[in-house]
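**Student:** Below is the file entry_14.pdb, with PDB, C-alpha atoms (C1' of nucleotides).
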```
ATOM      1  CA  MET Y 693      -8.709 -21.422 -18.091
ATOM      2  CA  THR Y 694     -11.996 -23.298 -17.778
ATOM      3  CA  LYS Y 695     -15.386 -21.704 -18.311
ATOM      4  CA  ASP Y 696     -15.863 -21.881 -14.563
ATOM      5  CA  ASP Y 697     -12.642 -19.998 -13.913
ATOM      6  CA  GLN Y 698     -13.690 -17.358 -16.406
ATOM      7  CA  LEU Y 699     -16.983 -16.863 -14.602
ATOM      8  CA  ASP Y 700     -15.186 -16.776 -11.258
ATOM      9  CA  ALA Y 701     -12.858 -14.071 -12.503
ATOM     10  CA  ALA Y 702     -15.620 -12.042 -14.108
ATOM     11  CA  PHE Y 703     -18.022 -12.171 -11.164
ATOM     12  CA  SER Y 704     -15.207 -11.474  -8.756
ATOM     13  CA  ALA Y 705     -13.968  -8.504 -10.780
ATOM     14  CA  LEU Y 706     -17.467  -7.045 -10.968
ATOM     15  CA  ALA Y 707     -17.970  -7.336  -7.217
ATOM     16  CA  HIS Y 708     -16.467  -3.912  -6.584
ATOM     17  CA  PRO Y 709     -18.229  -0.633  -7.345
ATOM     18  CA  ALA Y 710     -15.048   1.085  -8.503
ATOM     19  CA  ARG Y 711     -14.467  -1.594 -11.106
ATOM     20  CA  ARG Y 712     -18.040  -1.420 -12.372
ATOM     21  CA  ALA Y 713     -17.681   2.357 -12.551
ATOM     22  CA  ILE Y 714     -14.504   1.958 -14.600
ATOM     23  CA  LEU Y 715     -16.370  -0.251 -17.049
ATOM     24  CA  ALA Y 716     -19.160   2.316 -17.248
ATOM     25  CA  GLN Y 717     -16.570   4.930 -18.173
ATOM     26  CA  LEU Y 718     -15.106   2.661 -20.818
ATOM     27  CA  ALA Y 719     -18.543   2.162 -22.338
ATOM     28  CA  GLN Y 720     -18.058   5.738 -23.571
ATOM     29  CA  GLY Y 721     -14.816   4.806 -25.302
ATOM     30  CA  LYS Y 722     -11.140   4.089 -24.678
ATOM     31  CA  ALA Y 723      -9.389   5.905 -21.853
ATOM     32  CA  SER Y 724      -5.997   6.140 -20.183
ATOM     33  CA  VAL Y 725      -5.367   5.001 -16.623
ATOM     34  CA  ASN Y 726      -5.097   8.559 -15.390
ATOM     35  CA  ALA Y 727      -8.342   9.546 -17.079
ATOM     36  CA  LEU Y 728     -10.072   6.550 -15.503
ATOM     37  CA  ALA Y 729      -8.641   7.388 -12.079
ATOM     38  CA  GLU Y 730      -9.741  11.010 -12.154
ATOM     39  CA  PRO Y 731     -13.297  10.566 -10.751
ATOM     40  CA  PHE Y 732     -12.128   8.448  -7.831
ATOM     41  CA  ASP Y 733     -11.042   9.454  -4.367
ATOM     42  CA  MET Y 734      -8.323   6.854  -4.495
ATOM     43  CA  THR Y 735      -4.619   6.840  -5.293
ATOM     44  CA  LEU Y 736      -3.424   6.052  -8.790
ATOM     45  CA  PRO Y 737      -1.778   2.758  -7.813
ATOM     46  CA  ALA Y 738      -5.074   1.604  -6.335
ATOM     47  CA  VAL Y 739      -6.876   2.337  -9.599
ATOM     48  CA  SER Y 740      -4.061   0.676 -11.504
ATOM     49  CA  LYS Y 741      -4.642  -2.468  -9.469
ATOM     50  CA  HIS Y 742      -8.361  -2.441 -10.166
ATOM     51  CA  ILE Y 743      -7.589  -2.127 -13.860
ATOM     52  CA  ARG Y 744      -5.282  -5.104 -13.639
ATOM     53  CA  VAL Y 745      -8.089  -7.155 -12.085
ATOM     54  CA  LEU Y 746     -10.424  -6.162 -14.906
ATOM     55  CA  GLU Y 747      -7.792  -7.066 -17.466
ATOM     56  CA  HIS Y 748      -7.157 -10.438 -15.852
ATOM     57  CA  ALA Y 749     -10.884 -11.180 -16.083
ATOM     58  CA  GLY Y 750     -10.849 -10.251 -19.769
ATOM     59  CA  LEU Y 751     -13.217  -7.362 -19.157
ATOM     60  CA  ILE Y 752     -10.786  -4.895 -20.675
ATOM     61  CA  SER Y 753      -7.817  -4.996 -23.001
ATOM     62  CA  ARG Y 754      -5.001  -2.508 -23.354
ATOM     63  CA  GLU Y 755      -3.115  -0.915 -26.140
ATOM     64  CA  LYS Y 756      -0.084   1.277 -25.916
ATOM     65  CA  ASP Y 757      -0.268   4.707 -27.448
ATOM     66  CA  ALA Y 758       2.883   6.775 -26.893
ATOM     67  CA  GLN Y 759       3.191   7.312 -23.133
ATOM     68  CA  PHE Y 760      -0.398   6.215 -22.532
ATOM     69  CA  ARG Y 761      -1.830   2.763 -21.946
ATOM     70  CA  LEU Y 762      -5.323   2.978 -23.326
ATOM     71  CA  CYS Y 763      -7.946   0.707 -21.827
ATOM     72  CA  LYS Y 764     -10.771  -0.693 -23.922
ATOM     73  CA  LEU Y 765     -13.929  -2.445 -22.821
ATOM     74  CA  GLU Y 766     -14.212  -6.117 -23.802
ATOM     75  CA  THR Y 767     -17.709  -7.507 -23.670
ATOM     76  CA  THR Y 768     -17.204 -11.260 -23.901
ATOM     77  CA  PRO Y 769     -17.238 -11.926 -20.130
ATOM     78  CA  ILE Y 770     -20.320  -9.750 -19.761
ATOM     79  CA  GLN Y 771     -22.013 -11.823 -22.459
ATOM     80  CA  GLU Y 772     -21.059 -14.948 -20.550
ATOM     81  CA  ILE Y 773     -22.651 -13.559 -17.424
ATOM     82  CA  ALA Y 774     -25.772 -12.533 -19.339
ATOM     83  CA  SER Y 775     -25.894 -16.050 -20.707
ATOM     84  CA  TRP Y 776     -25.488 -17.488 -17.208
ATOM     85  CA  THR Y 777     -28.447 -15.464 -15.924
ATOM     86  CA  GLU Y 778     -30.638 -16.753 -18.755
ATOM     87  CA  ARG Y 779     -30.750 -20.179 -17.132
ATOM     88  CA  TYR Y 780     -32.826 -18.655 -14.379
ATOM     89  CA  ARG Y 781     -35.118 -16.519 -16.493
ATOM     90  CA  SER Y 782     -37.794 -19.186 -16.805
ATOM     91  CA  ILE Y 783     -37.912 -19.417 -13.028
ATOM     92  CA  TRP Y 784     -38.327 -15.731 -12.378
ATOM     93  CA  GLU Y 785     -40.833 -15.352 -15.163
ATOM     94  CA  ALA Y 786     -42.858 -18.190 -13.682
ATOM     95  CA  ARG Y 787     -42.905 -16.241 -10.435
ATOM     96  CA  PHE Y 788     -44.038 -12.931 -11.995
ATOM     97  CA  ASP Y 789     -41.292 -11.010 -10.264
ATOM     98  CA  THR Y 790     -40.630  -9.250 -13.504
ATOM     99  CA  PHE Y 791     -42.608  -6.061 -13.147
ATOM    100  CA  ASP Y 792     -42.125  -5.420  -9.470
ATOM    101  CA  THR Y 793     -38.367  -5.674  -9.356
ATOM    102  CA  LEU Y 794     -36.904  -5.335 -12.814
ATOM    103  CA  LEU Y 795     -38.493  -2.181 -14.156
ATOM    104  CA  PRO Y 796     -37.182   0.104 -11.400
ATOM    105  CA  ASP Y 797     -33.641  -0.976 -12.302
ATOM    106  CA  MET Y 798     -34.004   0.308 -15.807
ATOM    107  CA  LYS Y 799     -34.117   3.864 -14.520
ATOM    108  CA  GLU Y 800     -30.913   3.604 -12.474
ATOM    109  CA  ASP Y 801     -27.899   5.587 -13.518
ATOM    110  CA  ASP Y 802     -24.535   3.997 -14.094
ATOM    111  CA  THR Y 803     -22.599   2.157 -11.426
TER     112      THR Y 803
ATOM    113  CA  MET S 458     -28.533  -1.406   1.535
ATOM    114  CA  THR S 459     -27.984   0.561  -1.657
ATOM    115  CA  LYS S 460     -28.380  -0.847  -5.153
ATOM    116  CA  ASP S 461     -24.605  -0.814  -5.419
ATOM    117  CA  ASP S 462     -24.221  -2.849  -2.261
ATOM    118  CA  GLN S 463     -26.758  -5.344  -3.558
ATOM    119  CA  LEU S 464     -24.793  -5.781  -6.762
ATOM    120  CA  ASP S 465     -21.563  -6.075  -4.785
ATOM    121  CA  ALA S 466     -23.052  -8.816  -2.651
ATOM    122  CA  ALA S 467     -24.594 -10.660  -5.588
ATOM    123  CA  PHE S 468     -21.514 -10.555  -7.812
ATOM    124  CA  SER S 469     -19.307 -11.481  -4.903
ATOM    125  CA  ALA S 470     -21.525 -14.413  -3.914
ATOM    126  CA  LEU S 471     -21.570 -15.705  -7.476
ATOM    127  CA  ALA S 472     -17.787 -15.575  -7.765
ATOM    128  CA  HIS S 473     -17.395 -19.102  -6.416
ATOM    129  CA  PRO S 474     -18.193 -22.241  -8.381
ATOM    130  CA  ALA S 475     -19.593 -24.067  -5.358
ATOM    131  CA  ARG S 476     -22.099 -21.294  -4.776
ATOM    132  CA  ARG S 477     -23.175 -21.239  -8.413
ATOM    133  CA  ALA S 478     -23.538 -25.023  -8.253
ATOM    134  CA  ILE S 479     -25.743 -24.700  -5.188
ATOM    135  CA  LEU S 480     -27.981 -22.284  -7.064
ATOM    136  CA  ALA S 481     -28.136 -24.710  -9.983
ATOM    137  CA  GLN S 482     -29.315 -27.411  -7.588
ATOM    138  CA  LEU S 483     -31.926 -25.087  -6.155
ATOM    139  CA  ALA S 484     -33.230 -24.353  -9.645
ATOM    140  CA  GLN S 485     -34.636 -27.899  -9.406
ATOM    141  CA  GLY S 486     -36.513 -27.056  -6.211
ATOM    142  CA  LYS S 487     -36.069 -26.526  -2.493
ATOM    143  CA  ALA S 488     -33.425 -28.543  -0.670
ATOM    144  CA  SER S 489     -31.965 -29.025   2.782
ATOM    145  CA  VAL S 490     -28.393 -28.091   3.653
ATOM    146  CA  ASN S 491     -27.314 -31.732   3.803
ATOM    147  CA  ALA S 492     -28.891 -32.459   0.447
ATOM    148  CA  LEU S 493     -27.097 -29.472  -1.040
ATOM    149  CA  ALA S 494     -23.807 -30.543   0.513
ATOM    150  CA  GLU S 495     -23.997 -34.085  -0.776
ATOM    151  CA  PRO S 496     -22.448 -33.576  -4.253
ATOM    152  CA  PHE S 497     -19.475 -31.670  -2.872
ATOM    153  CA  ASP S 498     -16.133 -32.888  -1.692
ATOM    154  CA  MET S 499     -16.309 -30.368   1.106
ATOM    155  CA  THR S 500     -17.209 -30.431   4.758
ATOM    156  CA  LEU S 501     -20.677 -29.523   5.923
ATOM    157  CA  PRO S 502     -19.577 -26.364   7.748
ATOM    158  CA  ALA S 503     -17.940 -25.149   4.551
ATOM    159  CA  VAL S 504     -21.178 -25.620   2.629
ATOM    160  CA  SER S 505     -23.101 -24.011   5.467
ATOM    161  CA  LYS S 506     -20.961 -20.896   5.135
ATOM    162  CA  HIS S 507     -21.451 -20.747   1.387
ATOM    163  CA  ILE S 508     -25.176 -20.953   1.960
ATOM    164  CA  ARG S 509     -24.951 -18.098   4.410
ATOM    165  CA  VAL S 510     -23.184 -15.978   1.799
ATOM    166  CA  LEU S 511     -25.917 -16.745  -0.735
ATOM    167  CA  GLU S 512     -28.565 -15.863   1.808
ATOM    168  CA  HIS S 513     -26.846 -12.597   2.692
ATOM    169  CA  ALA S 514     -26.859 -11.656  -0.998
ATOM    170  CA  GLY S 515     -30.577 -12.429  -1.202
ATOM    171  CA  LEU S 516     -29.955 -15.238  -3.683
ATOM    172  CA  ILE S 517     -31.711 -17.741  -1.456
ATOM    173  CA  SER S 518     -34.192 -17.687   1.393
ATOM    174  CA  ARG S 519     -34.787 -20.281   4.045
ATOM    175  CA  GLU S 520     -37.728 -21.833   5.678
ATOM    176  CA  LYS S 521     -37.807 -24.165   8.596
ATOM    177  CA  ASP S 522     -39.498 -27.512   8.161
ATOM    178  CA  ALA S 523     -39.205 -29.729  11.249
ATOM    179  CA  GLN S 524     -35.513 -30.493  11.732
ATOM    180  CA  PHE S 525     -34.643 -29.282   8.234
ATOM    181  CA  ARG S 526     -33.802 -25.800   7.003
ATOM    182  CA  LEU S 527     -34.988 -25.767   3.443
ATOM    183  CA  CYS S 528     -33.253 -23.429   1.030
ATOM    184  CA  LYS S 529     -35.113 -21.808  -1.834
ATOM    185  CA  LEU S 530     -33.767 -19.955  -4.829
ATOM    186  CA  GLU S 531     -34.578 -16.237  -5.004
ATOM    187  CA  THR S 532     -34.197 -14.698  -8.422
ATOM    188  CA  THR S 533     -34.306 -10.968  -7.753
ATOM    189  CA  PRO S 534     -30.520 -10.464  -7.538
ATOM    190  CA  ILE S 535     -30.051 -12.516 -10.700
ATOM    191  CA  GLN S 536     -32.549 -10.272 -12.436
ATOM    192  CA  GLU S 537     -30.576  -7.268 -11.241
ATOM    193  CA  ILE S 538     -27.420  -8.720 -12.712
ATOM    194  CA  ALA S 539     -29.179  -9.529 -15.971
ATOM    195  CA  SER S 540     -30.396  -5.954 -16.022
ATOM    196  CA  TRP S 541     -26.875  -4.689 -15.362
ATOM    197  CA  THR S 542     -25.492  -6.632 -18.323
ATOM    198  CA  GLU S 543     -28.127  -5.129 -20.610
ATOM    199  CA  ARG S 544     -26.358  -1.791 -20.478
ATOM    200  CA  TYR S 545     -23.562  -3.331 -22.466
ATOM    201  CA  ARG S 546     -25.621  -5.281 -24.970
ATOM    202  CA  SER S 547     -25.672  -2.519 -27.556
ATOM    203  CA  ILE S 548     -21.872  -2.440 -27.451
ATOM    204  CA  TRP S 549     -21.366  -6.141 -27.975
ATOM    205  CA  GLU S 550     -23.996  -6.300 -30.668
ATOM    206  CA  ALA S 551     -22.280  -3.457 -32.483
ATOM    207  CA  ARG S 552     -19.120  -5.546 -32.417
ATOM    208  CA  PHE S 553     -20.707  -8.751 -33.782
ATOM    209  CA  ASP S 554     -19.272 -10.845 -30.961
ATOM    210  CA  THR S 555     -22.631 -12.511 -30.616
ATOM    211  CA  PHE S 556     -22.272 -15.663 -32.653
ATOM    212  CA  ASP S 557     -18.675 -16.541 -31.924
ATOM    213  CA  THR S 558     -18.810 -16.354 -28.171
ATOM    214  CA  LEU S 559     -22.361 -16.565 -26.958
ATOM    215  CA  LEU S 560     -23.780 -19.581 -28.729
ATOM    216  CA  PRO S 561     -21.250 -22.085 -27.346
ATOM    217  CA  ASP S 562     -22.273 -21.082 -23.823
ATOM    218  CA  MET S 563     -25.819 -22.178 -24.437
ATOM    219  CA  LYS S 564     -24.690 -25.776 -24.620
ATOM    220  CA  GLU S 565     -22.817 -25.761 -21.320
ATOM    221  CA  ASP S 566     -24.078 -27.832 -18.438
ATOM    222  CA  ASP S 567     -24.768 -26.365 -15.034
ATOM    223  CA  THR S 568     -22.165 -24.631 -12.899
TER     224      THR S 568
ATOM    225  C1'  DG H1117      20.138  15.896 -21.077
ATOM    226  C1'  DT H1118      17.140  17.410 -17.420
ATOM    227  C1'  DT H1119      12.302  17.637 -16.268
ATOM    228  C1'  DT H1120       7.568  16.296 -16.503
ATOM    229  C1'  DT H1121       3.955  13.050 -17.151
ATOM    230  C1'  DA H1122       2.070   8.220 -17.221
ATOM    231  C1'  DA H1123       2.010   4.142 -15.093
ATOM    232  C1'  DT H1124       3.714   0.252 -12.469
ATOM    233  C1'  DA H1125       6.397  -2.191  -8.683
ATOM    234  C1'  DA H1126       7.539  -3.082  -3.944
ATOM    235  C1'  DA H1127       6.589  -3.228   0.656
ATOM    236  C1'  DC H1128       3.544  -2.914   4.077
ATOM    237  C1'  DT H1129      -1.052  -2.824   7.041
ATOM    238  C1'  DA H1130      -5.704  -4.077   7.815
ATOM    239  C1'  DC H1131      -9.365  -6.822   6.597
ATOM    240  C1'  DT H1132     -11.880 -10.693   4.461
ATOM    241  C1'  DT H1133     -12.458 -15.508   2.612
ATOM    242  C1'  DG H1134     -12.193 -20.432   2.568
ATOM    243  C1'  DT H1135     -11.372 -24.383   4.863
ATOM    244  C1'  DT H1136     -10.748 -27.719   8.714
ATOM    245  C1'  DT H1137     -11.661 -29.965  13.237
ATOM    246  C1'  DA H1138     -14.202 -30.008  17.240
ATOM    247  C1'  DA H1139     -17.990 -28.717  20.004
ATOM    248  C1'  DT H1140     -22.916 -27.394  20.346
ATOM    249  C1'  DT H1141     -27.875 -26.747  19.553
ATOM    250  C1'  DA H1142     -32.265 -28.606  17.955
ATOM    251  C1'  DA H1143     -35.549 -31.915  16.528
ATOM    252  C1'  DC H1144     -37.043 -36.416  15.847
ATOM    253  C1'  DA H1145     -37.401 -41.584  16.920
ATOM    254  C1'  DT H1146     -37.733 -45.207  19.925
TER     255       DT H1146
ATOM    256  C1'  DA J 884     -34.352 -40.272  28.500
ATOM    257  C1'  DT J 885     -31.289 -41.669  25.138
ATOM    258  C1'  DG J 886     -29.518 -41.981  20.669
ATOM    259  C1'  DT J 887     -29.484 -40.272  15.962
ATOM    260  C1'  DT J 888     -29.793 -36.994  12.364
ATOM    261  C1'  DA J 889     -29.661 -31.971  10.846
ATOM    262  C1'  DA J 890     -27.337 -27.975  11.006
ATOM    263  C1'  DT J 891     -24.756 -24.228  13.077
ATOM    264  C1'  DT J 892     -21.067 -22.160  15.895
ATOM    265  C1'  DA J 893     -16.344 -21.697  17.577
ATOM    266  C1'  DA J 894     -11.547 -21.638  17.063
ATOM    267  C1'  DA J 895      -7.659 -21.624  14.305
ATOM    268  C1'  DC J 896      -5.191 -20.783  10.337
ATOM    269  C1'  DA J 897      -3.645 -19.976   5.315
ATOM    270  C1'  DA J 898      -4.413 -17.266   1.492
ATOM    271  C1'  DG J 899      -6.225 -13.473  -0.812
ATOM    272  C1'  DT J 900      -7.968  -8.427  -1.262
ATOM    273  C1'  DA J 901      -7.970  -3.296  -0.854
ATOM    274  C1'  DG J 902      -5.695   0.319   0.164
ATOM    275  C1'  DT J 903      -1.676   3.172   1.466
ATOM    276  C1'  DT J 904       3.192   5.293   0.684
ATOM    277  C1'  DT J 905       7.513   5.338  -1.505
ATOM    278  C1'  DA J 906      10.357   4.252  -5.308
ATOM    279  C1'  DT J 907      11.103   3.122 -10.139
ATOM    280  C1'  DT J 908      10.567   2.639 -15.260
ATOM    281  C1'  DA J 909       9.495   4.725 -19.760
ATOM    282  C1'  DA J 910       8.334   7.997 -22.954
ATOM    283  C1'  DA J 911       7.680  13.145 -24.204
ATOM    284  C1'  DA J 912       8.673  17.769 -24.062
ATOM    285  C1'  DC J 913      11.557  21.325 -23.646
TER     286       DC J 913
END
```
Will you turn the file into structure tokens for me?
**Tutor:**
Amino acid sequence: MTKDDQLDAAFSALAHPARRAILAQLAQGKASVNALAEPFDMTLPAVSKHIRVLEHAGLISREKDAQFRLCKLETTPIQEIASWTERYRSIWEARFDTFDTLLPDMKEDDT
Amino acid sequence: MTKDDQLDAAFSALAHPARRAILAQLAQGKASVNALAEPFDMTLPAVSKHIRVLEHAGLISREKDAQFRLCKLETTPIQEIASWTERYRSIWEARFDTFDTLLPDMKEDDT
DNA sequence: GTTTTAATAAACTACTTGTTTAATTAACAT
DNA sequence: ATGTTAATTAAACAAGTAGTTTATTAAAAC
């Protein structure tokens, strides 16, 4: 898998609010598929598929614990994305967009 | 358009190497559609559609200059993504992943 | 050893994406 | 006005995505 493919998979996986919400849950710690599905108005198989997409992108890993498959957040792809955005930082800083558009984001809740 | 929709559109638009490459070109300055299409082994209509996706996500804007439609990089969605990744920074720093996985990325060329 | 719980697989529908070829609009040049 | 360059639109199609329902595997609990 090339670096490009990794970015493709990560960006693509993050392009769905349910999957970002799953990651936000996992930021609190490991969780089972059922626990992750609970907040959603969606069937369990649908959530299971989203989890598979996240796993394929390397955004989560899984470990088996008795009858549960625990999901765990993996940060490497997020670091790669953060690194990708850094290439453009000099441009946006040169344009002074910083205060007008970035600060409001800081107050947002999780998604 | 909600903040979530904006992130959806931005992540989704970035999940294609051609579109990231177009942004990398635009980091050098404004460019016409034909100029942007030149490096690709792809038809012009295909590139035109990718540009439309980028525009829809707010990643570029366009201005008309005689017979040309010049494309210009817009950084706000990239800033939003950078801001999104920051939520996870404390986790990856706590795990020491920093040196093993992030530094190599810095040396990568554009994509 | 049934039954319950956790999760995935299979099959299907509806929708979206990526690409191509061909046709069309718009502006400029002569 | 005609031809050329710039770019988009239209039409067609293959491939992929998101979700559903139903069925199945696998371990636990009783």
**Student:** Would you please work out which residue, of Y:Pro769, Y:Ala705, Y:Asp700, Y:Arg754, is nearest to DT900 of chain J when using only C-alpha atoms (C1' of nucleotides)?
**Tutor:**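 Of Y:Pro769, Y:Ala705, Y:Asp700, Y:Arg754, the one nearest DT900 of chain J, counting only C-alpha atoms (C1' of nucleotides), is Y:Ala705.
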**Student:** Pull out every residue that the PyMOL selection byres ((chain S) within 10 of (chain J)) matches in the shown coordinates and put them as a VMD selection string.
**Tutor:** chain S and resid 489 to 491 501 to 502 505 to 506 523 to 526
**Student:** How many Å lie between atom CA of Thr500 of chain S and atom CA of Glu520 of chain S, rounded to one decimal?
**Tutor:** 22.3 Å
**Student:** Work out how far atom CA of Ile770 of chain Y is from atom CA of Ala723 of chain Y, in Å to one decimal.
**Tutor:**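 Computing the Euclidean distance for atom CA of Ala723 of chain Y and atom CA of Ile770 of chain Y yields 19.2 Å.
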**Student:** Provide the atom CA of Glu785 of chain Y to atom CA of Gln536 of chain S distance in Å, to one decimal place.
**Tutor:**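 Calculated distance between atom CA of Glu785 of chain Y and atom CA of Gln536 of chain S is 10.1 Å.
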**Student:** Here's a check: after a least-squares fit over all in-order C-alpha atoms, write chain Y in the frame of chain S, as a CSV table (one decimal) with C-alpha atoms, in the frame of the given file.
**Tutor:**
```
chain,number,residue,atom,x,y,z
Y,693,MET,CA,-28.5,-1.5,1.5
Y,694,THR,CA,-27.9,0.5,-1.7
Y,695,LYS,CA,-28.3,-0.9,-5.1
Y,696,ASP,CA,-24.6,-0.9,-5.4
Y,697,ASP,CA,-24.2,-2.9,-2.2
Y,698,GLN,CA,-26.7,-5.4,-3.6
Y,699,LEU,CA,-24.8,-5.8,-6.8
Y,700,ASP,CA,-21.5,-6.1,-4.8
Y,701,ALA,CA,-23.0,-8.9,-2.7
Y,702,ALA,CA,-24.6,-10.7,-5.6
Y,703,PHE,CA,-21.5,-10.6,-7.8
Y,704,SER,CA,-19.3,-11.5,-4.9
Y,705,ALA,CA,-21.5,-14.5,-3.9
Y,706,LEU,CA,-21.6,-15.8,-7.5
Y,707,ALA,CA,-17.8,-15.6,-7.8
Y,708,HIS,CA,-17.4,-19.1,-6.4
Y,709,PRO,CA,-18.2,-22.3,-8.4
Y,710,ALA,CA,-19.6,-24.1,-5.3
Y,711,ARG,CA,-22.1,-21.3,-4.8
Y,712,ARG,CA,-23.2,-21.3,-8.4
Y,713,ALA,CA,-23.5,-25.1,-8.2
Y,714,ILE,CA,-25.7,-24.7,-5.2
Y,715,LEU,CA,-28.0,-22.3,-7.1
Y,716,ALA,CA,-28.1,-24.7,-10.0
Y,717,GLN,CA,-29.3,-27.4,-7.6
Y,718,LEU,CA,-31.9,-25.1,-6.1
Y,719,ALA,CA,-33.2,-24.4,-9.6
Y,720,GLN,CA,-34.6,-27.9,-9.4
Y,721,GLY,CA,-36.5,-27.0,-6.2
Y,722,LYS,CA,-36.1,-26.5,-2.5
Y,723,ALA,CA,-33.4,-28.5,-0.6
Y,724,SER,CA,-32.0,-29.0,2.8
Y,725,VAL,CA,-28.4,-28.1,3.7
Y,726,ASN,CA,-27.4,-31.7,3.9
Y,727,ALA,CA,-28.9,-32.4,0.5
Y,728,LEU,CA,-27.1,-29.4,-1.0
Y,729,ALA,CA,-23.8,-30.5,0.6
Y,730,GLU,CA,-24.0,-34.1,-0.7
Y,731,PRO,CA,-22.3,-33.5,-4.1
Y,732,PHE,CA,-19.4,-31.6,-2.7
Y,733,ASP,CA,-16.1,-32.8,-1.5
Y,734,MET,CA,-16.2,-30.3,1.3
Y,735,THR,CA,-17.2,-30.4,5.0
Y,736,LEU,CA,-20.8,-29.6,6.0
Y,737,PRO,CA,-19.7,-26.4,7.9
Y,738,ALA,CA,-18.0,-25.2,4.7
Y,739,VAL,CA,-21.2,-25.7,2.7
Y,740,SER,CA,-23.2,-24.0,5.5
Y,741,LYS,CA,-21.0,-21.0,5.2
Y,742,HIS,CA,-21.5,-20.8,1.4
Y,743,ILE,CA,-25.2,-21.0,2.0
Y,744,ARG,CA,-25.0,-18.1,4.4
Y,745,VAL,CA,-23.2,-16.0,1.8
Y,746,LEU,CA,-25.9,-16.8,-0.7
Y,747,GLU,CA,-28.6,-15.9,1.8
Y,748,HIS,CA,-26.9,-12.6,2.7
Y,749,ALA,CA,-26.8,-11.7,-1.0
Y,750,GLY,CA,-30.6,-12.4,-1.2
Y,751,LEU,CA,-29.9,-15.3,-3.7
Y,752,ILE,CA,-31.7,-17.8,-1.5
Y,753,SER,CA,-34.2,-17.7,1.4
Y,754,ARG,CA,-34.8,-20.3,4.0
Y,755,GLU,CA,-37.8,-21.8,5.7
Y,756,LYS,CA,-37.8,-24.1,8.6
Y,757,ASP,CA,-39.5,-27.5,8.2
Y,758,ALA,CA,-39.2,-29.7,11.3
Y,759,GLN,CA,-35.5,-30.4,11.8
Y,760,PHE,CA,-34.6,-29.2,8.3
Y,761,ARG,CA,-33.8,-25.7,7.0
Y,762,LEU,CA,-35.0,-25.7,3.5
Y,763,CYS,CA,-33.3,-23.4,1.0
Y,764,LYS,CA,-35.1,-21.8,-1.8
Y,765,LEU,CA,-33.8,-20.0,-4.8
Y,766,GLU,CA,-34.6,-16.2,-5.0
Y,767,THR,CA,-34.2,-14.7,-8.4
Y,768,THR,CA,-34.3,-11.0,-7.8
Y,769,PRO,CA,-30.5,-10.5,-7.5
Y,770,ILE,CA,-30.0,-12.5,-10.7
Y,771,GLN,CA,-32.5,-10.3,-12.4
Y,772,GLU,CA,-30.6,-7.3,-11.2
Y,773,ILE,CA,-27.4,-8.7,-12.7
Y,774,ALA,CA,-29.2,-9.5,-16.0
Y,775,SER,CA,-30.4,-6.0,-16.0
Y,776,TRP,CA,-26.9,-4.7,-15.4
Y,777,THR,CA,-25.5,-6.7,-18.3
Y,778,GLU,CA,-28.1,-5.1,-20.6
Y,779,ARG,CA,-26.4,-1.8,-20.5
Y,780,TYR,CA,-23.6,-3.3,-22.5
Y,781,ARG,CA,-25.6,-5.3,-25.0
Y,782,SER,CA,-25.7,-2.5,-27.5
Y,783,ILE,CA,-21.9,-2.4,-27.4
Y,784,TRP,CA,-21.4,-6.1,-28.0
Y,785,GLU,CA,-24.0,-6.3,-30.7
Y,786,ALA,CA,-22.3,-3.4,-32.5
Y,787,ARG,CA,-19.2,-5.5,-32.4
Y,788,PHE,CA,-20.8,-8.7,-33.8
Y,789,ASP,CA,-19.3,-10.8,-31.0
Y,790,THR,CA,-22.7,-12.4,-30.6
Y,791,PHE,CA,-22.3,-15.5,-32.7
Y,792,ASP,CA,-18.7,-16.4,-32.1
Y,793,THR,CA,-18.8,-16.3,-28.3
Y,794,LEU,CA,-22.4,-16.5,-27.1
Y,795,LEU,CA,-23.7,-19.6,-28.9
Y,796,PRO,CA,-21.2,-22.0,-27.5
Y,797,ASP,CA,-22.2,-21.1,-24.0
Y,798,MET,CA,-25.8,-22.2,-24.6
Y,799,LYS,CA,-24.6,-25.8,-24.8
Y,800,GLU,CA,-22.8,-25.7,-21.5
Y,801,ASP,CA,-24.1,-27.8,-18.6
Y,802,ASP,CA,-24.8,-26.3,-15.2
Y,803,THR,CA,-22.1,-24.7,-13.1
```
**Student:** Taking only C-alpha atoms (C1' of nucleotides) into account, what are the residues of chain H at most 8 Å from chain Y, put as a PyMOL selection string?
**Tutor:** chain H and resi 1122-1124
**Student:** With a cut-off of 8 Å, could you pull out the residues of chain S touching chain Y and give me the nearest pair of atoms for each, distance in Å to one decimal, using all atoms listed in the file, ordered by chain and ascending number, as CSV?
**Tutor:**
```
residue,atom,partner,partner_atom,distance
S:Asp461,CA,Y:Pro709,CA,6.7
S:Leu464,CA,Y:Ala707,CA,7.0
S:Asp465,CA,Y:Ala707,CA,4.5
S:Ala466,CA,Y:Ala707,CA,7.0
S:Ala467,CA,Y:Ala707,CA,7.6
S:Phe468,CA,Y:Ala707,CA,4.8
S:Ser469,CA,Y:Ala707,CA,4.9
S:Leu471,CA,Y:Phe703,CA,6.2
S:Ala472,CA,Y:Asp700,CA,4.5
S:His473,CA,Y:Asp700,CA,5.8
S:Pro474,CA,Y:Asp696,CA,6.6
S:Ala484,CA,Y:Tyr780,CA,7.4
S:Thr532,CA,Y:Trp784,CA,5.8
S:Thr533,CA,Y:Thr793,CA,6.9
S:Ile535,CA,Y:Thr777,CA,6.2
S:Gln536,CA,Y:Leu794,CA,6.6
S:Glu537,CA,Y:Leu794,CA,6.8
S:Ile538,CA,Y:Thr777,CA,7.5
S:Ala539,CA,Y:Ala774,CA,5.7
S:Ser540,CA,Y:Asp797,CA,7.0
S:Thr542,CA,Y:Ala774,CA,6.0
S:Glu543,CA,Y:Ala774,CA,7.9
S:Tyr545,CA,Y:Thr767,CA,7.3
S:Arg546,CA,Y:Gln771,CA,7.9
S:Ile548,CA,Y:Thr767,CA,7.6
S:Trp549,CA,Y:Thr767,CA,5.8
S:Asp554,CA,Y:Thr768,CA,7.4
S:Thr558,CA,Y:Thr768,CA,6.8
S:Leu559,CA,Y:Gln771,CA,6.5
S:Asp562,CA,Y:Ser775,CA,6.9
S:Met563,CA,Y:Ser775,CA,7.2
S:Thr568,CA,Y:Asp696,CA,7.1
```
